[in-house]
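Trainee: Right, I'll just put the structure down here and ask away after.
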Amino acid sequence: MRIVRQIEELRRAAADFPGLAFVPTMGGLHDGHIALMHLARGTARHVAASIFVNRLQFAPSEDFASYPRTFEADCAKLRAASVDLLFAPDDTVLYPEPQAFIVEPPAIAGELEGRFRPRFFHGVATVVLKLFNCVQPRIAVFGKKDYQQLHVVRAMVRQLNLPIDVLAGETVREPDGLALSSRNSYLSATERAEAPHLQRVLQKVKNGMACGNAVRELVAAGWQPDYVEVRRRSDLGPPQGDDRELVALAAARLGGTRLIDNLEF
Ligand code: PAF
């Protein structure tokens, strides 16, 4: 695996790998990320990944400083997954000057996650566009775990006519149902035992439980929920009477850790 840190170096290296499938990450890699690498590998001859903890998508109160940084272990996992090229820039490479041009995401970015993390999707869309411009992939792979992020990236690619196919990877779960996430490493043993409750409550919503009751159940179990909502899969709008393709989405804090999950039905 070739590791490059500068944009010019990346451009030269990418010329050796035409038709790249690209998986952007913030590192702290787990089997969910590796499944995305395998999905990418199945669609293209060459796979590129990036590791960049993007300051722009973290609010000042969030975990930018403590976000897991496990570069050597990440590289070993990417090598084992036969990734060809890793772009691992630092802040001065992607943000050599204050980032004044910011992607304005569509209104849906102000709902769900956006209600609780107001500039999050501005930061995500901006860095993803920059990474796409640097790597120039033909295919990009994102996980369904970050369901709304996938939706916003797809809308950006469509509306800005980027010549990239966006593919979605299924969420990978622990045997007890907890969605894999880099932030799971923040959980204490007690919190880890409670964490699969988030997915269980989404299963109950799928089976007809009202979202308000799901929120109350989480509160009673010690969570601080931000939201539990059912939306249309196609545009994440509120479902109308005959909509059948739905997704239940939830975000909630357990101790100091904010977890998100979703369930299509
Ligand atoms: O999902 C993530 O890890 C990040 O939001 C992404 C897409 C790499 C942008 O920083």
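Simple scheme: letters A, B, ... for chains in structure tokens order, numbers from 1 for residues in each chain, numbers from 1 for ligands in the order shown.
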Could you give me, as a list in words, every polymer residue with an atom at most 8 Å away from an atom of ligand 1, counting only C-alpha atoms and all ligand atoms?

Mentor: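 Here is the list of contacting residues: Val23, Pro24, Thr25, Met26, Gly27, Ser50, Ile51, Phe52, Val53, Asn54, Gln57, Gly123, Val124, Ala125, Val127, Val128, Phe142, Gly143, Asp146 and Gln149 of chain A.
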
Trainee: The selected residues should be written to file as a short mmCIF file (atom, residue, chain, number, x, y, z; two decimals), in the first residue's frame (atoms: C-alpha atoms).

Mentor:
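Written file, again.cif:
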data_model
loop_
_atom_site.label_atom_id
_atom_site.label_comp_id
_atom_site.auth_asym_id
_atom_site.auth_seq_id
_atom_site.Cartn_x
_atom_site.Cartn_y
_atom_site.Cartn_z
CA VAL A 23 -13.35 5.08 0.91
CA PRO A 24 -12.90 8.24 2.99
CA THR A 25 -12.47 7.69 6.73
CA MET A 26 -11.37 9.50 9.86
CA GLY A 27 -9.32 6.48 10.99
CA SER A 50 -8.14 8.35 3.24
CA ILE A 51 -7.57 8.98 6.93
CA PHE A 52 -8.23 12.55 7.99
CA VAL A 53 -9.87 13.70 11.22
CA ASN A 54 -11.75 16.66 9.81
CA GLN A 57 -17.15 18.80 11.11
CA GLY A 123 -18.02 20.32 7.40
CA VAL A 124 -18.65 16.85 6.00
CA ALA A 125 -19.74 18.04 2.54
CA VAL A 127 -14.16 17.92 3.21
CA VAL A 128 -15.72 15.19 1.07
CA PHE A 142 -19.96 5.32 2.33
CA GLY A 143 -21.54 3.32 5.14
CA ASP A 146 -24.15 7.37 8.82
CA GLN A 149 -24.38 11.63 5.69
#

Trainee: Would you mind writing down, as a list in words, each residue of region 83-237 of chain A that DSSP on the backbone assigns to strand (DSSP E or B)?

Mentor: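 Of region 83-237 of chain A, only Leu85, Leu86, Phe87, Ile139, Ala140, Val141, Phe142, Gly143, Asp165, Val166, Leu167, Ala168, Gly169, Arg173, Ala179, Gln224, Pro225, Asp226, Tyr227, Val228, Glu229, Val230, Arg231 and Arg232 of chain A fall in strand (DSSP E or B).
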
Trainee: Name all residues at most 10 Å from region 78-93 of chain A (count only C-alpha atoms; drop same-chain ones fewer than 2 positions away) and give them as a PyMOL selection string.

Mentor: chain A and resi 1-7+9-10+13-14+17+20-27+29+33-38+40-41+45-55+71-76+95-98+131+134-135

Trainee: To one decimal place, how far is CA of His30 (chain A) from CA of Leu259 (chain A) in Å?

Mentor: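 Between CA of His30 (chain A) and CA of Leu259 (chain A) the gap is 15.5 Å.
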
Trainee: Would you kindly return, as a ChimeraX atom specification, each protein, DNA or RNA residue with an atom no farther than 12 Å from any atom of Pro238 (chain A), considering only C-alpha atoms and excluding same-chain residues fewer than 5 positions away?

Mentor: /A:108,111-112,229-233,243-249

Trainee: Selected residues, N, CA, C and O atoms, written as a PDB file, in the first residue's frame, please.

Mentor:
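For reference, result.pdb as written:
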ATOM      1  N   ILE A 108     -32.363  19.447   4.337  1.00  0.00           N
ATOM      2  CA  ILE A 108     -32.481  18.234   5.159  1.00  0.00           C
ATOM      3  C   ILE A 108     -31.305  18.136   6.138  1.00  0.00           C
ATOM      4  O   ILE A 108     -31.410  17.517   7.200  1.00  0.00           O
ATOM      5  N   GLU A 111     -32.001  19.021   9.679  1.00  0.00           N
ATOM      6  CA  GLU A 111     -32.879  18.166  10.489  1.00  0.00           C
ATOM      7  C   GLU A 111     -32.077  16.994  11.067  1.00  0.00           C
ATOM      8  O   GLU A 111     -30.928  16.817  10.763  1.00  0.00           O
ATOM      9  N   LEU A 112     -32.729  16.169  11.880  1.00  0.00           N
ATOM     10  CA  LEU A 112     -32.120  14.971  12.476  1.00  0.00           C
ATOM     11  C   LEU A 112     -30.757  15.346  13.081  1.00  0.00           C
ATOM     12  O   LEU A 112     -30.701  16.160  13.986  1.00  0.00           O
ATOM     13  N   GLU A 229     -36.638   8.990  15.164  1.00  0.00           N
ATOM     14  CA  GLU A 229     -37.616   9.424  14.154  1.00  0.00           C
ATOM     15  C   GLU A 229     -37.717   8.406  13.034  1.00  0.00           C
ATOM     16  O   GLU A 229     -36.747   7.707  12.725  1.00  0.00           O
ATOM     17  N   VAL A 230     -38.900   8.364  12.428  1.00  0.00           N
ATOM     18  CA  VAL A 230     -39.082   7.558  11.211  1.00  0.00           C
ATOM     19  C   VAL A 230     -39.156   8.519  10.035  1.00  0.00           C
ATOM     20  O   VAL A 230     -39.872   9.528  10.093  1.00  0.00           O
ATOM     21  N   ARG A 231     -38.381   8.242   9.002  1.00  0.00           N
ATOM     22  CA  ARG A 231     -38.352   9.082   7.802  1.00  0.00           C
ATOM     23  C   ARG A 231     -38.484   8.210   6.564  1.00  0.00           C
ATOM     24  O   ARG A 231     -38.264   7.005   6.609  1.00  0.00           O
ATOM     25  N   ARG A 232     -38.813   8.888   5.439  1.00  0.00           N
ATOM     26  CA  ARG A 232     -38.799   8.204   4.141  1.00  0.00           C
ATOM     27  C   ARG A 232     -37.360   7.941   3.742  1.00  0.00           C
ATOM     28  O   ARG A 232     -36.518   8.823   3.915  1.00  0.00           O
ATOM     29  N   ARG A 233     -37.085   6.758   3.192  1.00  0.00           N
ATOM     30  CA  ARG A 233     -35.710   6.460   2.794  1.00  0.00           C
ATOM     31  C   ARG A 233     -35.239   7.355   1.641  1.00  0.00           C
ATOM     32  O   ARG A 233     -34.089   7.754   1.593  1.00  0.00           O
ATOM     33  N   ASP A 243     -46.335   5.797   2.066  1.00  0.00           N
ATOM     34  CA  ASP A 243     -44.902   5.508   1.933  1.00  0.00           C
ATOM     35  C   ASP A 243     -44.586   4.171   2.584  1.00  0.00           C
ATOM     36  O   ASP A 243     -45.005   3.911   3.715  1.00  0.00           O
ATOM     37  N   ARG A 244     -43.836   3.347   1.877  1.00  0.00           N
ATOM     38  CA  ARG A 244     -43.530   2.004   2.374  1.00  0.00           C
ATOM     39  C   ARG A 244     -42.041   1.816   2.677  1.00  0.00           C
ATOM     40  O   ARG A 244     -41.677   0.956   3.444  1.00  0.00           O
ATOM     41  N   GLU A 245     -41.173   2.611   2.012  1.00  0.00           N
ATOM     42  CA  GLU A 245     -39.722   2.423   2.196  1.00  0.00           C
ATOM     43  C   GLU A 245     -39.239   3.425   3.235  1.00  0.00           C
ATOM     44  O   GLU A 245     -39.004   4.586   2.926  1.00  0.00           O
ATOM     45  N   LEU A 246     -39.119   2.941   4.466  1.00  0.00           N
ATOM     46  CA  LEU A 246     -38.871   3.844   5.587  1.00  0.00           C
ATOM     47  C   LEU A 246     -37.551   3.515   6.276  1.00  0.00           C
ATOM     48  O   LEU A 246     -36.951   2.457   6.044  1.00  0.00           O
ATOM     49  N   VAL A 247     -37.127   4.437   7.111  1.00  0.00           N
ATOM     50  CA  VAL A 247     -35.946   4.182   7.943  1.00  0.00           C
ATOM     51  C   VAL A 247     -36.193   4.842   9.299  1.00  0.00           C
ATOM     52  O   VAL A 247     -36.705   5.963   9.363  1.00  0.00           O
ATOM     53  N   ALA A 248     -35.890   4.105  10.351  1.00  0.00           N
ATOM     54  CA  ALA A 248     -35.955   4.679  11.700  1.00  0.00           C
ATOM     55  C   ALA A 248     -34.538   5.085  12.068  1.00  0.00           C
ATOM     56  O   ALA A 248     -33.595   4.307  11.893  1.00  0.00           O
ATOM     57  N   LEU A 249     -34.397   6.327  12.548  1.00  0.00           N
ATOM     58  CA  LEU A 249     -33.065   6.851  12.874  1.00  0.00           C
ATOM     59  C   LEU A 249     -33.060   7.336  14.325  1.00  0.00           C
ATOM     60  O   LEU A 249     -34.060   7.899  14.786  1.00  0.00           O
TER      61      LEU A 249
END

Trainee: May I have the residues within 10 Å of region 65-67 of chain A as an mmCIF file with N, CA, C and O atoms, in the first residue's frame, using only C-alpha atoms and disregarding those fewer than 2 positions away in the same chain?

Mentor:
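Here's the written file around_37.cif:
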data_model
loop_
_atom_site.group_PDB
_atom_site.id
_atom_site.type_symbol
_atom_site.label_atom_id
_atom_site.label_comp_id
_atom_site.auth_asym_id
_atom_site.auth_seq_id
_atom_site.Cartn_x
_atom_site.Cartn_y
_atom_site.Cartn_z
ATOM 1 N N MET A 26 -12.102 8.675 8.892
ATOM 2 C CA MET A 26 -11.369 9.502 9.859
ATOM 3 C C MET A 26 -10.458 8.610 10.699
ATOM 4 O O MET A 26 -10.014 9.018 11.784
ATOM 5 N N GLY A 27 -10.180 7.388 10.228
ATOM 6 C CA GLY A 27 -9.321 6.479 10.992
ATOM 7 C C GLY A 27 -10.089 5.818 12.124
ATOM 8 O O GLY A 27 -11.321 5.773 12.102
ATOM 9 N N GLY A 28 -9.351 5.282 13.105
ATOM 10 C CA GLY A 28 -9.999 4.509 14.174
ATOM 11 C C GLY A 28 -10.726 3.329 13.537
ATOM 12 O O GLY A 28 -11.858 3.015 13.888
ATOM 13 N N VAL A 53 -8.891 13.272 10.201
ATOM 14 C CA VAL A 53 -9.867 13.699 11.217
ATOM 15 C C VAL A 53 -10.172 15.169 10.917
ATOM 16 O O VAL A 53 -9.319 16.043 11.099
ATOM 17 N N ARG A 55 -11.398 18.540 11.256
ATOM 18 C CA ARG A 55 -11.733 19.542 12.271
ATOM 19 C C ARG A 55 -13.042 20.281 11.948
ATOM 20 O O ARG A 55 -13.827 20.617 12.836
ATOM 21 N N PHE A 58 -16.476 19.096 13.438
ATOM 22 C CA PHE A 58 -16.627 18.988 14.887
ATOM 23 C C PHE A 58 -16.976 20.359 15.457
ATOM 24 O O PHE A 58 -16.302 21.356 15.139
ATOM 25 N N PRO A 60 -16.983 23.018 18.656
ATOM 26 C CA PRO A 60 -15.948 23.202 19.682
ATOM 27 C C PRO A 60 -16.154 22.298 20.903
ATOM 28 O O PRO A 60 -15.189 21.878 21.529
ATOM 29 N N GLU A 62 -17.227 19.270 20.871
ATOM 30 C CA GLU A 62 -17.199 17.837 20.517
ATOM 31 C C GLU A 62 -15.794 17.253 20.652
ATOM 32 O O GLU A 62 -14.869 17.907 21.128
ATOM 33 N N ASP A 63 -15.663 15.978 20.194
ATOM 34 C CA ASP A 63 -14.506 15.162 20.561
ATOM 35 C C ASP A 63 -13.369 15.181 19.529
ATOM 36 O O ASP A 63 -12.696 14.170 19.351
ATOM 37 N N ARG A 69 -7.072 8.088 17.307
ATOM 38 C CA ARG A 69 -6.044 8.214 16.262
ATOM 39 C C ARG A 69 -5.125 6.998 16.395
ATOM 40 O O ARG A 69 -4.318 6.922 17.320
ATOM 41 N N THR A 70 -5.291 6.042 15.481
ATOM 42 C CA THR A 70 -4.641 4.734 15.603
ATOM 43 C C THR A 70 -3.960 4.401 14.263
ATOM 44 O O THR A 70 -4.218 3.352 13.666
ATOM 45 N N SER A 182 -16.252 3.933 15.625
ATOM 46 C CA SER A 182 -14.983 4.290 16.281
ATOM 47 C C SER A 182 -15.254 4.793 17.684
ATOM 48 O O SER A 182 -14.431 4.635 18.589
ATOM 49 N N ARG A 183 -16.411 5.422 17.898
ATOM 50 C CA ARG A 183 -16.728 6.004 19.214
ATOM 51 C C ARG A 183 -17.117 4.940 20.243
ATOM 52 O O ARG A 183 -17.196 5.251 21.431
ATOM 53 N N SER A 185 -15.294 2.861 21.387
ATOM 54 C CA SER A 185 -14.132 2.707 22.280
ATOM 55 C C SER A 185 -14.231 3.635 23.491
ATOM 56 O O SER A 185 -13.511 3.461 24.464
ATOM 57 N N TYR A 186 -15.134 4.639 23.455
ATOM 58 C CA TYR A 186 -15.292 5.530 24.612
ATOM 59 C C TYR A 186 -16.149 4.891 25.714
ATOM 60 O O TYR A 186 -16.194 5.392 26.826
#

Trainee: Restricting the calculation to only C-alpha atoms: of A:Gly241, A:Gln224, A:Pro118, A:Ala250, which residue gets closest to Val205 (chain A)?

Mentor: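 Checking each candidate against Val205 (chain A), we get A:Ala250 as the closest.
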
Trainee: Set the distance at 10 Å and use only C-alpha atoms: which residues neighbour Leu218 (chain A) once local chain neighbours fewer than 4 positions away are removed? I'd like the list as an MDAnalysis selection string.

Mentor: chainID A and resid 197:198 201 213:214 222:225 228 252:254

Trainee: Between CA of Asp176 (chain A) and CA of Arg216 (chain A), what is the distance in Å, rounded to a tenth?

Mentor: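 We find that CA of Asp176 (chain A) and CA of Arg216 (chain A) lie 21.9 Å from each other.
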
Trainee: Pick out the residues sitting within 9 Å of Phe121 (chain A), and hand them over as a PyMOL selection string; count only C-alpha atoms, and ignore anything fewer than 6 positions along from it in its own chain.

Mentor: chain A and resi 57+103-105+109-110+113-114+149+152

Trainee: I need the chosen residues saved as a PDB file, in the first residue's frame, with C-alpha atoms.

Mentor:
ATOM      1  CA  GLN A  57     -17.153  18.802  11.113  1.00  0.00           C
ATOM      2  CA  VAL A 103     -20.441  23.689   0.812  1.00  0.00           C
ATOM      3  CA  GLU A 104     -23.990  24.715   1.753  1.00  0.00           C
ATOM      4  CA  PRO A 105     -25.880  21.433   2.123  1.00  0.00           C
ATOM      5  CA  ALA A 109     -29.010  18.759   6.657  1.00  0.00           C
ATOM      6  CA  GLY A 110     -30.673  21.011   9.248  1.00  0.00           C
ATOM      7  CA  GLU A 113     -28.325  15.145  13.087  1.00  0.00           C
ATOM      8  CA  GLY A 114     -28.269  18.745  11.886  1.00  0.00           C
ATOM      9  CA  GLN A 149     -24.378  11.631   5.687  1.00  0.00           C
ATOM     10  CA  VAL A 152     -26.206  14.436   1.845  1.00  0.00           C
TER      11      VAL A 152
END

Trainee: Which one is closest to Ala251 (chain A): A:Arg117, A:Asn133, A:Gly208, A:Ala220? Count only C-alpha atoms.

Mentor: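 Result for the nearest residue to Ala251 (chain A): A:Arg117.
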
Trainee: Using only C-alpha atoms, can you tell me which of A:Ala210, A:Leu39, A:Leu187, A:Ala107 comes closest to Ala168 (chain A)?

Mentor: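 Result for the nearest residue to Ala168 (chain A): A:Leu39.
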
Trainee: Between A:Glu217, A:Asp261, A:Asp165, A:Glu194, which has the minimum distance to Leu180 (chain A) (counting only C-alpha atoms)?

Mentor: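 Closest to Leu180 (chain A) of all the choices is A:Asp261.
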
Trainee: Rounded to one decimal, what separation in Å do you get between CA of Glu191 (chain A) and CA of Pro175 (chain A)?

Mentor: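 Separating CA of Glu191 (chain A) from CA of Pro175 (chain A) is a distance of 16.1 Å.
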